[in-house]
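See structure below.
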Amino acid sequence: GNSVTQMQGQVTLSEEEFLFINCTYSTTGYPTLFWYVQYPGEGPQLLLKVTTANNKGSSRGFEATYDKGTTSFHLQKASVQESDSAVYYCVLGEAGNTGKLIFGLGTTLQVQP
Amino acid sequence: EAAVTQSPRNKVTVTGGNVTLSCRQTNSHNYMYWYRQDTGHGLRLIHYSYGAGNLQIGDVPDGYKATRTTQEDFFLLLELASPSQTSLYFCATLRGGSTGQLYFGEGSKLTVL
């Protein structure tokens, strides 16, 4: 079946450090992959969407790509700020346009000043 | 003005109690979702719908009913609430199918004593 695995539960960085979060996915067909971000007290919101393997999506200084060969996709940012502290979810959109999206467990990013 | 509005924002009930969580959207999106969010489990899909009168079973449906009465309104029903249903519940809408963007409400915190 369709699934997404997000192993990093918590990441702690200092400001201006490099961020890398990785997920793996399992699906048939061509996946649509997303990164959502959730700030304290709010609902999740879309950060990035990637529809083509090896093509980068980018938003607010974040970049995302996915590798069909290793069925992995990742989120990175060159220099994090304290305001980036949040929970980041990798999300798989099921092929076949079922309307179902599968969330990873989330990675809590804490950026220290 | 918020496009996805949940009510109540906070609810406390006792074991065996009857709870209805409401969600109203102004997005005119076809898909609506109910998720629960728990530490260590991320976001889990309870039920979803692709239009008035339609209901699809999610990944954790036990103990929950849902009803989509109009394009705008989606309700989550807990007829015999249990402490295991203490959680933060999110409603979301989706533009497009599985390749689209989810729009979340601000969440409803339910405590079952």
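Chain labels A, B, ... are given in the sequence in which chains occur in the structure tokens; within each chain residues are numbered consecutively from 1, and ligands are likewise numbered from 1 in the order shown.
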Discussion item. Which residues are near B:Ala3? Cut-off 12 Å, only C-alpha atoms, ignore same chain within fewer than 2 positions. Put them as a list in words.
Written reply: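 Close residues of B:Ala3: Glu1, Thr5, Gln6, Cys23, Arg24, Gln25, Thr26, Asn27, Ser28, His29, Glu72, Asp73, Cys91, Ala92, Thr93, Leu94, Leu102, Tyr103, Phe104, Gly105 and Glu106 of chain B.
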Using only C-alpha atoms, find each residue in chain A having at least one atom no more than 8 Å away from chain B; report its shortest atom-to-atom pair and that distance in Å (one decimal), rows by chain then rising number, as a tab-separated table.
residue	atom	partner	partner_atom	distance
A:Thr32	CA	B:Thr99	CA	5.8
A:Gly41	CA	B:Glu106	CA	7.5
A:Glu42	CA	B:Glu106	CA	5.4
A:Gly43	CA	B:Glu106	CA	5.1
A:Pro44	CA	B:Phe104	CA	6.3
A:Gln45	CA	B:Tyr103	CA	6.7
A:Leu46	CA	B:Gln101	CA	6.7
A:Gly93	CA	B:Ser98	CA	4.7
A:Glu94	CA	B:Ser98	CA	5.8
A:Ala95	CA	B:Ser98	CA	7.0
A:Gly96	CA	B:Ser98	CA	7.7
A:Asn97	CA	B:Ser98	CA	4.8
A:Thr98	CA	B:Ser98	CA	6.0
A:Gly99	CA	B:Ser98	CA	4.3
A:Lys100	CA	B:Ser98	CA	5.8
A:Leu101	CA	B:Ser98	CA	6.3
A:Phe103	CA	B:Leu43	CA	6.2
A:Gly104	CA	B:Gly42	CA	6.7
A:Leu105	CA	B:Gly42	CA	4.3
A:Gly106	CA	B:Gly42	CA	6.0
Item to complete: For atom CA of A:Val111 and atom CA of A:Cys23, quote the distance in Å rounded to one decimal.
Response: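 Between atom CA of A:Val111 and atom CA of A:Cys23 the gap works out to 20.3 Å.
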Practice prompt. Would you list the contacts of A:Gly61 as a VMD selection string, taking every protein, DNA or RNA residue within 9 Å and counting only C-alpha atoms, but skipping same-chain residues closer than 3 positions in sequence?
Written response: chain A and resid 58 76 to 80
Item to complete: Record the distance separating atom CA of B:Ala66 and atom CA of B:His47, expressed in Å with one decimal.
Response: 6.8 Å
Item to complete: Could you give me, as an MDAnalysis selection string, each residue of chain A that DSSP assigns to strand (DSSP E) when run on this structure's backbone?
Response: chainID A and resid 3:6 10:14 19:26 32:38 45:50 57:59 62:67 72:77 86:93 101:103 107:112
Fill in: Separation of atom CA of B:Ser108 from atom CA of A:Ala86, in Å and rounded to one decimal
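We find that atom CA of B:Ser108 and atom CA of A:Ala86 lie 19.3 Å from each other.
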Item to complete: Could you give me, as a ChimeraX atom specification, the residues within 10 Å of stretch 64-69 of chain A, counting only C-alpha atoms and dropping anything in the same chain fewer than 4 positions from it?
Response: /A:20-25,30-35,47-59,73-77
Discussion item. Counting only C-alpha atoms, which residue out of B:Thr111, B:Thr13, B:Ser87, B:Ser7 sits closest to B:Phe75?
Written reply: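 The shortest atom-to-atom distance to B:Phe75 comes from B:Ser7.
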